[in-house]
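Student: Input structure: input-v8.pdb, which contains PDB, C-alpha atoms.
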```pdb
MODEL        1
ATOM      1  CA  THR Q  95     -14.961   2.972 -10.905
ATOM      2  CA  VAL Q  96     -12.405   0.163 -11.172
ATOM      3  CA  ARG Q  97     -10.950  -0.076 -14.659
ATOM      4  CA  GLU Q  98     -11.815  -3.146 -16.693
ATOM      5  CA  PRO Q  99      -8.299  -4.685 -16.855
ATOM      6  CA  VAL Q 100      -8.049  -4.434 -13.063
ATOM      7  CA  ARG Q 101     -11.469  -5.994 -12.635
ATOM      8  CA  ARG Q 102     -10.529  -8.775 -15.041
ATOM      9  CA  SER Q 103      -7.471  -9.575 -12.944
ATOM     10  CA  ALA Q 104      -9.580  -9.589  -9.785
ATOM     11  CA  GLU Q 105     -12.129 -11.911 -11.369
ATOM     12  CA  ALA Q 106      -9.406 -14.391 -12.345
ATOM     13  CA  LEU Q 107      -8.166 -14.448  -8.752
ATOM     14  CA  GLN Q 108     -11.697 -14.715  -7.368
ATOM     15  CA  ALA Q 109     -12.399 -17.673  -9.662
ATOM     16  CA  ALA Q 110      -9.367 -19.402  -8.159
ATOM     17  CA  GLY Q 111     -10.795 -18.897  -4.662
ATOM     18  CA  GLY Q 112      -9.156 -15.641  -3.606
ATOM     19  CA  ARG Q 113     -10.632 -12.613  -1.894
ATOM     20  CA  VAL Q 114      -9.287  -9.567  -3.744
ATOM     21  CA  PHE Q 115      -8.938  -6.009  -2.474
ATOM     22  CA  LEU Q 116      -7.904  -2.776  -4.136
ATOM     23  CA  VAL Q 117      -5.502  -1.265  -1.615
ATOM     24  CA  GLY Q 118      -3.300   1.698  -0.775
ATOM     25  CA  GLY Q 119      -3.012   4.821  -2.866
ATOM     26  CA  ALA Q 120      -5.620   3.770  -5.424
ATOM     27  CA  VAL Q 121      -8.362   3.774  -2.782
ATOM     28  CA  ARG Q 122      -7.094   7.000  -1.231
ATOM     29  CA  ASP Q 123      -6.825   8.874  -4.515
ATOM     30  CA  ALA Q 124     -10.234   7.701  -5.738
ATOM     31  CA  MET Q 125     -11.853   8.954  -2.523
ATOM     32  CA  LEU Q 126     -10.058  12.288  -2.935
ATOM     33  CA  GLY Q 127     -11.340  12.586  -6.499
ATOM     34  CA  ARG Q 128      -7.805  12.441  -7.870
ATOM     35  CA  PRO Q 129      -6.723  10.427 -10.935
ATOM     36  CA  VAL Q 130      -5.723   6.870 -10.033
ATOM     37  CA  LYS Q 131      -2.440   5.942 -11.692
ATOM     38  CA  ASP Q 132      -1.181   2.973  -9.704
ATOM     39  CA  PHE Q 133      -3.367  -0.068  -9.093
ATOM     40  CA  ASP Q 134      -2.354  -2.363  -6.242
ATOM     41  CA  LEU Q 135      -4.276  -5.518  -5.367
ATOM     42  CA  GLU Q 136      -3.967  -7.687  -2.261
ATOM     43  CA  VAL Q 137      -5.176 -11.283  -2.418
ATOM     44  CA  PHE Q 138      -6.333 -13.274   0.594
ATOM     45  CA  GLY Q 139      -6.894 -17.022   0.715
ATOM     46  CA  LEU Q 140      -4.498 -18.113  -2.039
ATOM     47  CA  PRO Q 141      -0.846 -19.191  -1.809
ATOM     48  CA  ALA Q 142       1.676 -17.454  -4.048
ATOM     49  CA  GLU Q 143       1.720 -20.297  -6.595
ATOM     50  CA  ALA Q 144      -2.041 -20.104  -7.079
ATOM     51  CA  VAL Q 145      -1.926 -16.304  -7.453
ATOM     52  CA  ALA Q 146       0.779 -16.564 -10.108
ATOM     53  CA  GLY Q 147      -1.128 -19.319 -11.927
ATOM     54  CA  ALA Q 148      -4.441 -17.460 -12.027
ATOM     55  CA  LEU Q 149      -2.834 -14.269 -13.280
ATOM     56  CA  GLY Q 150      -0.555 -16.067 -15.721
ATOM     57  CA  ALA Q 151      -3.602 -17.352 -17.595
ATOM     58  CA  ILE Q 152      -4.573 -13.794 -18.608
ATOM     59  CA  ALA Q 153      -1.370 -11.721 -18.578
ATOM     60  CA  ARG Q 154       2.396 -11.668 -18.228
ATOM     61  CA  VAL Q 155       3.422 -12.156 -14.607
ATOM     62  CA  GLU Q 156       6.799 -11.524 -13.014
ATOM     63  CA  PRO Q 157       7.814 -11.732  -9.348
ATOM     64  CA  ALA Q 158       8.878  -8.331  -8.033
ATOM     65  CA  GLY Q 159      11.847  -9.862  -6.226
ATOM     66  CA  ASP Q 160      12.649 -12.003  -3.230
ATOM     67  CA  ALA Q 161      12.073  -9.343  -0.572
ATOM     68  CA  PHE Q 162       8.270  -9.079  -0.774
ATOM     69  CA  PRO Q 163       5.534 -11.461  -2.001
ATOM     70  CA  VAL Q 164       4.494  -9.214  -4.915
ATOM     71  CA  PHE Q 165       3.812  -9.975  -8.582
ATOM     72  CA  LYS Q 166       4.005  -7.494 -11.457
ATOM     73  CA  VAL Q 167       1.188  -8.049 -13.950
ATOM     74  CA  ALA Q 168       1.692  -6.536 -17.398
ATOM     75  CA  GLY Q 169       0.297  -6.876 -20.902
ATOM     76  CA  LEU Q 170      -3.360  -6.499 -19.931
ATOM     77  CA  PRO Q 171      -5.376  -5.087 -22.851
ATOM     78  CA  GLY Q 172      -6.600  -1.587 -22.098
ATOM     79  CA  LEU Q 173      -4.078  -0.827 -19.370
ATOM     80  CA  GLU Q 174      -0.774   0.920 -19.823
ATOM     81  CA  GLY Q 175       1.903  -0.126 -17.384
ATOM     82  CA  GLN Q 176       1.283  -2.837 -14.824
ATOM     83  CA  ILE Q 177      -0.645  -3.892 -11.750
ATOM     84  CA  ASP Q 178       1.050  -4.910  -8.514
ATOM     85  CA  VAL Q 179      -0.558  -7.942  -6.893
ATOM     86  CA  ALA Q 180       0.571  -8.815  -3.377
ATOM     87  CA  LEU Q 181      -0.178 -11.376  -0.723
ATOM     88  CA  PRO Q 182      -0.894 -10.214   2.830
ATOM     89  CA  ARG Q 183       2.323 -10.136   4.814
ATOM     90  CA  ARG Q 184       3.941  -9.505   8.151
ATOM     91  CA  ASP Q 185       6.921  -7.141   8.239
ATOM     92  CA  SER Q 186       9.677  -7.207  10.824
ATOM     93  CA  LYS Q 187      12.819  -5.158  11.357
ATOM     94  CA  LYS Q 188      15.996  -7.129  10.630
ATOM     95  CA  GLY Q 189      18.540  -4.394   9.898
ATOM     96  CA  PRO Q 190      19.015  -0.647   9.437
ATOM     97  CA  GLY Q 191      17.234   1.531   6.943
ATOM     98  CA  HIS Q 192      14.396   1.014   4.495
ATOM     99  CA  ARG Q 193      15.856  -2.232   3.192
ATOM    100  CA  GLY Q 194      16.209  -3.804   6.603
ATOM    101  CA  ILE Q 195      12.583  -4.991   6.594
ATOM    102  CA  ALA Q 196      11.875  -8.722   6.311
ATOM    103  CA  ALA Q 197       8.479  -9.792   4.969
ATOM    104  CA  VAL Q 198       6.683 -13.106   5.403
ATOM    105  CA  ALA Q 199       3.585 -13.813   3.315
ATOM    106  CA  ASP Q 200       0.497 -15.156   5.053
ATOM    107  CA  PRO Q 201      -2.533 -15.414   2.736
ATOM    108  CA  PHE Q 202      -4.805 -16.358   5.620
ATOM    109  CA  MET Q 203      -4.250 -13.275   7.778
ATOM    110  CA  LYS Q 204      -7.187 -11.239   8.988
ATOM    111  CA  VAL Q 205      -7.819  -8.085   6.979
ATOM    112  CA  ALA Q 206      -7.160  -5.773   9.928
ATOM    113  CA  ASP Q 207      -3.863  -7.529  10.701
ATOM    114  CA  ALA Q 208      -2.737  -7.148   7.087
ATOM    115  CA  ALA Q 209      -3.691  -3.465   7.029
ATOM    116  CA  ARG Q 210      -1.759  -2.821  10.247
ATOM    117  CA  ARG Q 211       1.603  -2.875   8.430
ATOM    118  CA  ARG Q 212       0.598   0.194   6.378
ATOM    119  CA  ASP Q 213       2.123   3.564   7.184
ATOM    120  CA  PHE Q 214      -0.828   5.965   7.456
ATOM    121  CA  THR Q 215      -4.521   5.381   8.039
ATOM    122  CA  ILE Q 216      -5.387   6.987   4.694
ATOM    123  CA  ASN Q 217      -3.310   4.264   3.009
ATOM    124  CA  ALA Q 218      -4.747   1.388   5.074
ATOM    125  CA  MET Q 219      -8.215   1.336   3.500
ATOM    126  CA  MET Q 220      -9.079  -1.700   1.373
ATOM    127  CA  LEU Q 221     -11.914  -2.038  -1.158
ATOM    128  CA  ASP Q 222     -13.355  -5.551  -1.574
ATOM    129  CA  LEU Q 223     -13.719  -5.895  -5.348
ATOM    130  CA  ALA Q 224     -16.358  -8.625  -5.073
ATOM    131  CA  THR Q 225     -18.732  -6.788  -2.740
ATOM    132  CA  GLY Q 226     -17.737  -3.132  -3.066
ATOM    133  CA  VAL Q 227     -17.386  -2.933   0.727
ATOM    134  CA  LEU Q 228     -14.687  -0.630   2.102
ATOM    135  CA  GLU Q 229     -12.655  -2.206   4.895
ATOM    136  CA  ASP Q 230     -11.334   0.622   7.066
ATOM    137  CA  PRO Q 231     -10.159  -0.817  10.408
ATOM    138  CA  PHE Q 232      -8.088   2.235  11.413
ATOM    139  CA  GLY Q 233     -10.372   5.154  10.529
ATOM    140  CA  GLY Q 234      -8.717   6.227   7.291
ATOM    141  CA  ALA Q 235     -11.928   7.637   5.821
ATOM    142  CA  ARG Q 236     -12.390   9.925   8.844
ATOM    143  CA  ASP Q 237      -8.805  11.131   8.582
ATOM    144  CA  LEU Q 238      -9.207  11.682   4.846
ATOM    145  CA  ALA Q 239     -12.304  13.819   5.430
ATOM    146  CA  ALA Q 240     -10.471  15.779   8.132
ATOM    147  CA  ARG Q 241      -7.393  16.133   5.891
ATOM    148  CA  ARG Q 242      -5.322  14.587   8.656
ATOM    149  CA  LEU Q 243      -2.226  12.382   8.394
ATOM    150  CA  ARG Q 244      -2.025   9.813  11.197
ATOM    151  CA  VAL Q 245       0.040   6.653  11.624
ATOM    152  CA  VAL Q 246      -1.625   3.263  11.748
ATOM    153  CA  ASP Q 247       0.566   1.654  14.402
ATOM    154  CA  PRO Q 248       3.233   3.714  16.212
ATOM    155  CA  SER Q 249       5.012   0.550  17.387
ATOM    156  CA  THR Q 250       5.804  -0.575  13.824
ATOM    157  CA  PHE Q 251       5.792   2.739  11.932
ATOM    158  CA  ALA Q 252       9.269   3.708  13.120
ATOM    159  CA  GLU Q 253      10.825   0.484  11.795
ATOM    160  CA  ASP Q 254      11.091   2.153   8.380
ATOM    161  CA  PRO Q 255      12.615   5.662   8.627
ATOM    162  CA  LEU Q 256      11.604   6.422   5.036
ATOM    163  CA  ARG Q 257       8.086   6.896   6.396
ATOM    164  CA  ALA Q 258       9.124  10.161   8.054
ATOM    165  CA  LEU Q 259       9.879  11.591   4.619
ATOM    166  CA  ARG Q 260       6.678  10.117   3.241
ATOM    167  CA  ALA Q 261       4.768  12.026   5.913
ATOM    168  CA  ALA Q 262       6.304  15.274   4.706
ATOM    169  CA  GLN Q 263       5.622  14.627   1.035
ATOM    170  CA  PHE Q 264       2.026  13.459   1.649
ATOM    171  CA  ALA Q 265       1.342  16.561   3.745
ATOM    172  CA  ALA Q 266       2.767  18.740   0.967
ATOM    173  CA  ARG Q 267       1.034  16.979  -1.940
ATOM    174  CA  PHE Q 268      -2.410  16.684  -0.364
ATOM    175  CA  GLU Q 269      -2.287  19.765   1.914
ATOM    176  CA  PHE Q 270      -2.915  17.612   4.984
ATOM    177  CA  GLU Q 271      -2.128  18.423   8.592
ATOM    178  CA  VAL Q 272       0.183  15.941  10.304
ATOM    179  CA  GLU Q 273      -1.381  14.779  13.573
ATOM    180  CA  PRO Q 274       0.863  15.952  16.470
ATOM    181  CA  ALA Q 275       1.805  12.494  17.775
ATOM    182  CA  THR Q 276       2.652  11.427  14.227
ATOM    183  CA  ALA Q 277       4.816  14.529  13.745
ATOM    184  CA  ARG Q 278       6.722  13.816  16.967
ATOM    185  CA  LEU Q 279       7.286  10.215  15.939
ATOM    186  CA  CYS Q 280       8.592  11.265  12.506
ATOM    187  CA  ALA Q 281      10.958  13.800  14.082
ATOM    188  CA  SER Q 282      12.526  11.045  16.186
ATOM    189  CA  MET Q 283      13.367   8.722  13.276
ATOM    190  CA  PRO Q 284      17.018   8.289  12.098
ATOM    191  CA  LEU Q 285      17.106   9.448   8.474
ATOM    192  CA  ASP Q 286      20.852   8.793   8.256
ATOM    193  CA  GLU Q 287      20.003   5.094   7.752
ATOM    194  CA  LEU Q 288      18.457   5.866   4.366
ATOM    195  CA  PRO Q 289      20.267   5.728   1.008
ATOM    196  CA  ALA Q 290      20.483   9.053  -0.812
ATOM    197  CA  GLU Q 291      18.358   7.892  -3.749
ATOM    198  CA  ARG Q 292      15.387   7.099  -1.486
ATOM    199  CA  ILE Q 293      15.591  10.526   0.152
ATOM    200  CA  ALA Q 294      15.786  12.185  -3.251
ATOM    201  CA  GLY Q 295      12.778  10.195  -4.462
ATOM    202  CA  GLU Q 296      10.526  11.429  -1.669
ATOM    203  CA  ILE Q 297      11.674  15.034  -2.105
ATOM    204  CA  GLU Q 298      10.965  14.789  -5.824
ATOM    205  CA  LYS Q 299       7.413  13.568  -5.175
ATOM    206  CA  ALA Q 300       6.807  16.451  -2.793
ATOM    207  CA  LEU Q 301       8.115  19.087  -5.197
ATOM    208  CA  LEU Q 302       6.775  17.768  -8.498
TER
ENDMDL
END
```
I need this file expressed as structure tokens, please.
Tutor:
Amino acid sequence: TVREPVRRSAEALQAAGGRVFLVGGAVRDAMLGRPVKDFDLEVFGLPAEAVAGALGAIARVEPAGDAFPVFKVAGLPGLEGQIDVALPRRDSKKGPGHRGIAAVADPFMKVADAARRRDFTINAMMLDLATGVLEDPFGGARDLAARRLRVVDPSTFAEDPLRALRAAQFAARFEFEVEPATARLCASMPLDELPAERIAGEIEKALL
């Protein structure tokens, strides 16, 4: 069940003409029967200015920075913390490491194209908050049921070497088996491009 403050945010965006999805870890964790702590929304059909305006009418909204088209929504009654609201985007490799990814927002992308930038199929599922329909273009639900970790797109996965560490911590946290081709791809990725704090963060998630 989607919590009321999240639904209220989605309704404000839908009233402005957007199509709103719950995405990423929230969908995964709900399907696993785990507590959902982080709520991420992705909005199709609205430019960034319209997203900020619709959300600003009901809550405090701050851009998350220049790198990605994401807004932090805070101050919603009944919700501690914040919601991340993003526009669909295309990522491309511009430099080394996790920070060398350039993102370009495109609110009129197809759902499957937007989901393709995700790391693993279990994180690429999207729940339409207007219809309740699960969009799963890469078979994440099957992999979740099989307790299998599999990349979405091998050609783009390796652009961010942090994903190799994420594979290890997801496998540890959820007791999943890493699909062999995914394991080989992770083993080939250059972790020396990553800053120490990002490596430490993934190890901490795996251990704690």
Student: Evaluate the PyMOL selection byres ((chain Q and resi 278) around 12) and record the selected residues as a list in words, following the chain and residue labels used in the document.
Tutor: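 Output of the PyMOL selection byres ((chain Q and resi 278) around 12): Arg244, Val245, Pro248, Ala252, Ala258, Ala261, Val272, Glu273, Pro274, Ala275, Thr276, Ala277, Leu279, Cys280, Ala281, Ser282 and Met283 of chain Q.
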Student: Could you tell me which of Q:Gly127, Q:Gly234, Q:Pro182, Q:Pro255 comes closest to Gly112 (chain Q) if we count all atoms listed in the file?
Tutor: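 When distances to Gly112 (chain Q) are compared using all atoms listed in the file, the smallest one comes from Q:Pro182.
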Student: Considering all atoms listed in the file, can you say which of Q:Pro231, Q:Gly226, Q:Pro99, Q:Gly111 comes closest to Ala144 (chain Q)?
Tutor: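 Using all atoms listed in the file, the shortest distance to Ala144 (chain Q) belongs to Q:Gly111.
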Student: Which protein, DNA or RNA residues have an atom at most 12 Å from (12.3, 6.9, 5.7), counting all atoms listed in the file? List them as a PyMOL selection string.
Tutor: chain Q and resi 190-195+213+251-263+279-297
Student: Choose the residue, out of Q:Ala104, Q:Ala110, Q:Leu221, Q:Met125, that has the smallest atom-to-atom separation from Val167 (chain Q); count all atoms listed in the file.
Tutor: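 Residue with the minimum atom-to-atom distance to Val167 (chain Q): Q:Ala104.
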Student: Have a look at Q:Ile177, Q:Val137, Q:Val121, Q:Val96 and name the one nearest to Ile216 (chain Q); count all atoms listed in the file.
Tutor: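 Once distances to Ile216 (chain Q) are computed over all atoms listed in the file, the minimum belongs to Q:Val121.
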Student: How many Å lie between CA of Glu271 (chain Q) and CA of Ala300 (chain Q), rounded to one decimal?
Tutor: 14.6 Å
Student: Measuring atom to atom with only C-alpha atoms, identify which of Q:Asp247, Q:Glu98, Q:Asp207, Q:Asp200 is nearest to Ala142 (chain Q).
Tutor: Q:Asp200
Student: Taking all atoms listed in the file into account, which of Q:Arg211, Q:Arg184, Q:Ala109, Q:Ser103 comes nearest Ala168 (chain Q)?
Tutor: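 With all atoms listed in the file as the atom set, the closest residue is Q:Ser103.
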Student: What gap, in Å, lies between CA of Val145 (chain Q) and CA of Thr250 (chain Q)?
Tutor: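 Atom-to-atom, CA of Val145 (chain Q) and CA of Thr250 (chain Q) are spaced 27.6 Å apart.
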